[in-house]
$ cat upload_30.tsv   # TSV, C-alpha atoms
chain	number	residue	atom	x	y	z
V	18	MET	CA	13.32	4.57	1.14
V	19	ARG	CA	16.89	5.20	-0.01
V	20	SER	CA	17.93	5.62	3.62
V	21	PHE	CA	16.32	2.29	4.54
V	22	LEU	CA	18.07	0.63	1.59
V	23	ILE	CA	21.49	1.92	2.62
V	24	GLU	CA	21.00	0.91	6.25
V	25	ALA	CA	19.71	-2.56	5.34
V	26	GLU	CA	22.66	-3.25	3.03
V	27	GLY	CA	25.01	-1.94	5.71
V	28	ARG	CA	23.63	-4.59	8.07
V	29	GLY	CA	24.18	-7.39	5.57
V	30	ALA	CA	20.84	-7.55	3.73
V	31	THR	CA	20.84	-8.52	0.06
V	32	ILE	CA	18.39	-6.42	-1.98
V	33	VAL	CA	17.28	-8.03	-5.26
V	34	PHE	CA	15.15	-6.03	-7.71
V	35	ARG	CA	13.00	-7.17	-10.67
V	36	SER	CA	12.22	-10.43	-8.90
V	37	THR	CA	8.76	-12.02	-8.94
V	38	VAL	CA	7.91	-14.82	-6.55
V	39	THR	CA	6.51	-17.57	-8.79
V	40	GLY	CA	6.39	-20.52	-6.39
V	41	ILE	CA	6.75	-21.44	-2.71
V	42	GLN	CA	7.10	-24.94	-1.28
V	43	TYR	CA	7.18	-25.86	2.41
V	44	ASP	CA	8.68	-29.20	3.48
V	45	GLY	CA	7.91	-28.93	7.17
V	46	ALA	CA	11.24	-27.31	8.01
V	47	PHE	CA	12.16	-24.88	5.24
V	48	TYR	CA	10.42	-22.69	2.70
V	49	GLU	CA	11.83	-22.91	-0.81
V	50	VAL	CA	11.01	-19.74	-2.74
V	51	GLU	CA	11.18	-19.78	-6.54
V	52	ILE	CA	11.93	-16.48	-8.31
V	53	ASN	CA	11.15	-15.58	-11.94
V	54	HIS	CA	9.97	-19.11	-12.85
V	55	GLY	CA	13.16	-20.81	-11.70
V	56	GLU	CA	15.77	-18.16	-12.50
V	57	TYR	CA	16.92	-18.76	-8.95
V	58	CYS	CA	15.59	-20.13	-5.63
V	59	PHE	CA	16.41	-19.75	-1.96
V	60	GLN	CA	15.57	-21.58	1.26
V	61	THR	CA	14.65	-20.09	4.61
V	62	ASN	CA	12.97	-21.17	7.85
V	63	ILE	CA	11.58	-17.65	8.40
V	64	LEU	CA	9.60	-16.14	5.54
V	65	ILE	CA	8.11	-12.64	5.78
V	66	ASN	CA	5.48	-11.88	3.15
V	67	SER	CA	5.38	-8.10	2.87
V	68	SER	CA	4.55	-7.82	-0.81
V	69	GLY	CA	2.10	-4.95	-0.87
V	70	LEU	CA	-0.42	-5.23	-3.69
V	71	TYR	CA	0.59	-8.86	-4.25
V	72	ALA	CA	0.66	-10.08	-0.63
V	73	ASP	CA	-2.52	-12.15	-1.02
V	74	LYS	CA	-1.19	-13.82	-4.16
V	75	VAL	CA	2.08	-14.73	-2.42
V	76	ALA	CA	0.11	-16.24	0.49
V	77	ALA	CA	-2.01	-18.20	-2.01
V	78	LEU	CA	1.11	-19.73	-3.57
V	79	LEU	CA	1.53	-21.71	-0.35
V	80	GLY	CA	-2.01	-23.01	-0.56
V	81	ILE	CA	-3.56	-20.62	1.97
V	82	ASP	CA	-7.23	-20.00	1.22
V	83	ILE	CA	-7.18	-16.21	1.02
V	84	ASP	CA	-10.98	-15.92	0.96
V	85	GLU	CA	-11.57	-18.16	3.96
V	86	ASN	CA	-8.93	-16.26	5.94
V	87	GLY	CA	-10.01	-12.80	4.78
V	88	TYR	CA	-6.73	-12.10	2.98
V	89	ARG	CA	-8.02	-11.19	-0.49
V	90	ILE	CA	-6.89	-7.69	-1.47
V	91	LYS	CA	-9.11	-5.12	-3.18
V	92	PHE	CA	-7.36	-2.41	-5.18
V	93	SER	CA	-8.24	1.18	-4.26
V	94	LYS	CA	-6.82	3.78	-6.63
V	95	GLY	CA	-6.03	7.29	-5.47
V	96	SER	CA	-5.73	10.10	-8.02
V	97	PHE	CA	-3.94	13.41	-7.50
V	98	PHE	CA	-4.17	16.72	-9.34
V	99	SER	CA	-2.00	19.84	-9.39
V	100	ALA	CA	-2.87	23.41	-10.35
V	101	SER	CA	-1.18	25.99	-12.52
V	102	PRO	CA	-0.77	28.57	-11.14
V	103	THR	CA	-0.44	26.84	-7.80
V	104	PRO	CA	-2.25	28.33	-4.78
V	105	GLN	CA	0.07	30.02	-2.31
V	106	LEU	CA	-0.35	27.90	0.81
V	107	LYS	CA	2.00	27.28	3.71
V	108	HIS	CA	0.27	24.31	5.32
V	109	LEU	CA	-1.82	21.28	4.44
V	110	VAL	CA	-5.61	21.39	4.35
V	111	TRP	CA	-7.37	18.24	5.54
V	112	PRO	CA	-11.16	18.55	5.22
V	113	VAL	CA	-13.36	16.46	7.52
V	114	SER	CA	-15.43	13.89	5.64
V	115	ARG	CA	-19.18	14.42	5.95
V	116	LYS	CA	-21.48	11.52	6.75
V	117	ASN	CA	-23.12	10.07	3.63
V	118	ALA	CA	-21.13	12.41	1.39
V	119	LYS	CA	-20.92	11.31	-2.24
V	120	TYR	CA	-17.17	11.95	-2.35
V	121	ARG	CA	-14.51	12.14	0.31
V	122	GLY	CA	-12.98	15.54	0.84
V	123	ILE	CA	-9.92	16.26	-1.30
V	124	HIS	CA	-6.82	17.04	0.76
V	125	THR	CA	-4.27	19.69	-0.13
V	126	THR	CA	-0.59	19.25	0.67
V	127	VAL	CA	2.40	21.46	-0.09
V	128	ASP	CA	5.68	20.01	-1.37
V	129	TYR	CA	9.20	21.25	-0.66
V	130	SER	CA	9.10	23.58	-3.65
V	131	GLY	CA	5.93	25.26	-2.34
V	132	ALA	CA	3.64	23.72	-4.99
V	133	ALA	CA	0.21	22.46	-3.92
V	134	ARG	CA	-0.90	18.90	-4.59
V	135	PHE	CA	-4.54	17.85	-4.32
V	136	GLY	CA	-5.81	14.40	-3.47
V	137	PRO	CA	-6.30	11.62	-3.26
V	138	HIS	CA	-9.72	10.85	-4.63
V	139	TRP	CA	-10.23	7.10	-4.09
V	140	GLU	CA	-12.13	4.58	-6.18
V	141	TYR	CA	-12.06	0.78	-6.39
V	142	VAL	CA	-10.45	-0.64	-9.52
V	143	SER	CA	-10.03	-4.15	-10.91
V	144	LYS	CA	-6.44	-3.85	-12.12
V	145	ILE	CA	-3.16	-2.12	-11.32
V	146	GLU	CA	-2.95	0.91	-13.57
V	147	TYR	CA	-1.66	4.35	-12.58
V	148	SER	CA	-2.90	6.86	-15.15
V	149	VAL	CA	-5.17	9.67	-13.91
V	150	ASP	CA	-8.48	10.28	-15.66
V	151	ASP	CA	-8.89	13.95	-16.61
V	152	SER	CA	-12.66	13.56	-16.23
V	153	GLN	CA	-12.17	13.55	-12.43
V	154	LYS	CA	-11.39	17.25	-12.64
V	155	GLN	CA	-15.01	18.09	-11.81
V	156	ILE	CA	-14.87	16.03	-8.60
V	157	PHE	CA	-11.69	17.81	-7.52
V	158	TYR	CA	-13.06	21.24	-8.35
V	159	GLU	CA	-16.29	20.70	-6.40
V	160	SER	CA	-14.38	19.61	-3.31
V	161	LEU	CA	-11.54	22.13	-3.48
V	162	SER	CA	-13.75	25.15	-4.17
V	163	LYS	CA	-15.38	24.68	-0.76
V	164	TYR	CA	-12.20	25.79	1.00
V	165	LEU	CA	-10.18	27.31	-1.86
V	166	PRO	CA	-12.77	29.62	-3.44
V	167	GLY	CA	-10.21	31.16	-5.77
V	168	ILE	CA	-9.40	27.86	-7.50
V	169	LYS	CA	-10.32	27.62	-11.19
V	170	MET	CA	-11.34	24.31	-12.74
V	171	LYS	CA	-9.33	25.08	-15.89
V	172	SER	CA	-6.18	25.39	-13.76
V	173	LEU	CA	-6.40	21.78	-12.54
V	174	ASN	CA	-4.21	19.12	-14.17
V	175	PRO	CA	-3.82	15.34	-13.59
V	176	LEU	CA	-0.67	14.70	-11.57
V	177	MET	CA	-0.26	11.07	-10.50
V	178	GLY	CA	-2.05	7.95	-9.30
V	179	GLY	CA	-1.37	5.35	-6.64
V	180	ILE	CA	-3.00	2.10	-5.54
V	181	ARG	CA	-3.42	0.81	-2.02
V	182	PRO	CA	-4.14	-2.82	-0.97
V	183	GLN	CA	-7.38	-2.78	1.02
V	184	LEU	CA	-8.95	-5.72	2.82
V	185	GLN	CA	-12.44	-4.18	2.80
V	186	GLY	CA	-14.43	-3.82	-0.40
V	187	PRO	CA	-17.03	-1.23	-1.44
V	188	GLY	CA	-19.59	-0.64	1.30
V	189	GLU	CA	-17.76	-2.85	3.81
V	190	SER	CA	-16.52	-1.78	7.25
V	191	TYR	CA	-12.88	-0.80	7.58
V	192	ARG	CA	-10.46	-3.64	8.32
V	193	ASP	CA	-7.11	-3.15	9.99
V	194	PHE	CA	-3.79	-4.55	8.80
V	195	VAL	CA	-3.07	-8.28	8.99
V	196	ILE	CA	0.29	-8.93	10.67
V	197	LYS	CA	0.29	-12.59	11.64
V	198	GLU	CA	2.62	-15.53	12.21
V	199	GLU	CA	0.88	-18.50	10.60
V	200	THR	CA	1.65	-21.50	12.82
V	201	ASP	CA	-2.07	-22.09	13.33
V	202	LEU	CA	-2.48	-22.49	9.55
V	203	GLY	CA	0.33	-25.05	9.44
V	204	TYR	CA	3.10	-22.67	8.33
V	205	PRO	CA	5.37	-21.94	11.31
V	206	GLY	CA	7.87	-19.20	10.56
V	207	LEU	CA	5.66	-17.60	7.90
V	208	ILE	CA	4.72	-14.03	8.79
V	209	ASN	CA	2.06	-12.46	6.58
V	210	LEU	CA	1.64	-8.69	6.27
V	211	ILE	CA	-1.51	-8.19	4.20
V	212	GLY	CA	-3.62	-5.10	3.55
V	213	ILE	CA	-0.90	-2.70	4.69
V	214	GLU	CA	-2.44	0.44	3.24
V	215	CYS	CA	-2.12	4.07	4.31
V	216	PRO	CA	-0.78	4.80	6.93
V	217	GLY	CA	1.42	1.74	6.54
V	218	LEU	CA	4.38	3.72	5.22
V	219	THR	CA	4.16	6.19	8.11
V	220	ASP	CA	3.99	3.25	10.52
V	221	CYS	CA	6.63	1.12	8.80
V	222	ILE	CA	9.23	1.39	11.58
V	223	PRO	CA	6.96	0.25	14.46
V	224	ILE	CA	5.51	-2.43	12.14
V	225	ALA	CA	9.06	-3.66	11.45
V	226	ARG	CA	9.83	-3.71	15.19
V	227	TYR	CA	6.71	-5.79	15.82
V	228	VAL	CA	7.60	-8.22	13.02
V	229	SER	CA	11.10	-8.45	14.47
V	230	SER	CA	9.57	-9.48	17.79
V	231	LEU	CA	7.64	-12.26	16.02
V	232	VAL	CA	10.86	-13.45	14.39
V	233	GLN	CA	12.75	-13.42	17.71
V	234	ALA	CA	9.95	-15.44	19.31
V	235	ARG	CA	10.37	-18.10	16.59
V	236	LEU	CA	14.14	-18.14	16.97
V	237	GLY	CA	13.86	-18.46	20.73
$ encode --input "upload_30.tsv" --output "structure tokens"
Amino acid sequence: MRSFLIEAEGRGATIVFRSTVTGIQYDGAFYEVEINHGEYCFQTNILINSSGLYADKVAALLGIDIDENGYRIKFSKGSFFSASPTPQLKHLVWPVSRKNAKYRGIHTTVDYSGAARFGPHWEYVSKIEYSVDDSQKQIFYESLSKYLPGIKMKSLNPLMGGIRPQLQGPGESYRDFVIKEETDLGYPGLINLIGIECPGLTDCIPIARYVSSLVQARLG
């Protein structure tokens, strides 16, 4: 991410942190975007909405019906655990999910220091909150002990949590990313990226190239 930041600034991009989009108006030619309830505004004829967990809310600010268009985001929280002492592994372990299994298999990855990290275990949540519940230790132990028989439940410790923006809810079929220029909704030059969950970060460069092609098509 730091590398992307440096390259973007080197190509003339202005990066502004701590900025919440609080209003968007479209006059038929330009989008006027309000930041932090009027702290500042800017105008543009190309607007790319790539706001992660808030992408549906940004689209709704324009008046887009996010339910009718299938843009409403559901929060899926992933929890990770570590172990002390850490298992001595040299590669990741990626168990295959079993059909109708109660829980998805817990993955094991190894960081640059050689420490093992377990997860994620996913669950739907109603709000953005990143703490990890220690009571999930039993779920992790049951999954990990199937392929790491030497693991001890008492050695497991909460590590971190993350939230991904899913378009499908509990029990619904998987839905792919939305990457769409919205002329047909009456907003030419608006490009929505909604529901960009894992592996969106891995795919961010080809996604950016595709979005760039949409921009170039608008610019002619």
$ closest_residue --input "upload_30.tsv" --among "V:Ile180, V:Leu109, V:Val195, V:Leu210" --to "V:Gly95" --atoms "all atoms listed in the file"
V:Ile180
$ atom_distance --input "upload_30.tsv" --atom1 "atom CA of V:Gly131" --atom2 "atom CA of V:Leu176"
15.5 Å
$ residues_around --input "upload_30.tsv" --residues "stretch 79-83 of chain V" --least-positions-apart "5" --cutoff "9 Å" --atoms "all atoms listed in the file" --output "number ranges by chain"
V: 40-43, 73-74, 88-90, 202, 204
$ closest_residue --input "upload_30.tsv" --among "V:Ser190, V:Gln185, V:Ser99, V:Gln105" --to "V:Lys154" --atoms "all atoms listed in the file"
V:Ser99
$ atom_distance --input "upload_30.tsv" --atom1 "atom CA of V:Glu85" --atom2 "atom CA of V:Gly203"
14.8 Å
$ residues_around --input "upload_30.tsv" --residues "V:Ile52" --least-positions-apart "2" --cutoff "6 Å" --atoms "all atoms listed in the file" --output "VMD selection string"
chain V and resid 37 to 39 54 to 58
$ closest_residue --input "upload_30.tsv" --among "V:Asn174, V:Tyr147, V:Gly69, V:Glu51" --to "V:Leu218" --atoms "all atoms listed in the file"
V:Gly69
$ closest_residue --input "upload_30.tsv" --among "V:Ala133, V:Leu78, V:Leu64, V:Leu231" --to "V:Ile168" --atoms "all atoms listed in the file"
V:Ala133
$ closest_residue --input "upload_30.tsv" --among "V:Leu207, V:Cys221, V:Ile123, V:Val142" --to "V:Gln183" --atoms "all atoms listed in the file"
V:Val142
$ residues_around --input "upload_30.tsv" --residues "V:Ala46" --least-positions-apart "6" --cutoff "9 Å" --atoms "all atoms listed in the file" --output "list in words"
Thr61, Asn62 and Pro205 of chain V
$ residues_around --input "upload_30.tsv" --residues "V:Gly188" --least-positions-apart "4" --cutoff "12 Å" --atoms "all atoms listed in the file" --output "list in words"
Asn117, Glu140, Tyr141, Leu184 and Arg192 of chain V
$ residues_near_point --input "upload_30.tsv" --point "(6.2, -14.3, 9.3)" --cutoff "6 Å" --atoms "all atoms listed in the file" --output "ChimeraX atom specification"
/V:64-65,198,206-209
$ atom_distance --input "upload_30.tsv" --atom1 "atom CA of V:Ile211" --atom2 "atom CA of V:Gly122"
26.6 Å
$ residues_around --input "upload_30.tsv" --residues "V:Ile156" --least-positions-apart "3" --cutoff "9 Å" --atoms "all atoms listed in the file" --output "JSON, numbers by chain"
{"V": [120, 123, 138, 152, 153, 159, 160, 161]}
$ closest_residue --input "upload_30.tsv" --among "V:Tyr71, V:Phe92, V:Phe34, V:Phe59" --to "V:Lys144" --atoms "all atoms listed in the file"
V:Phe92
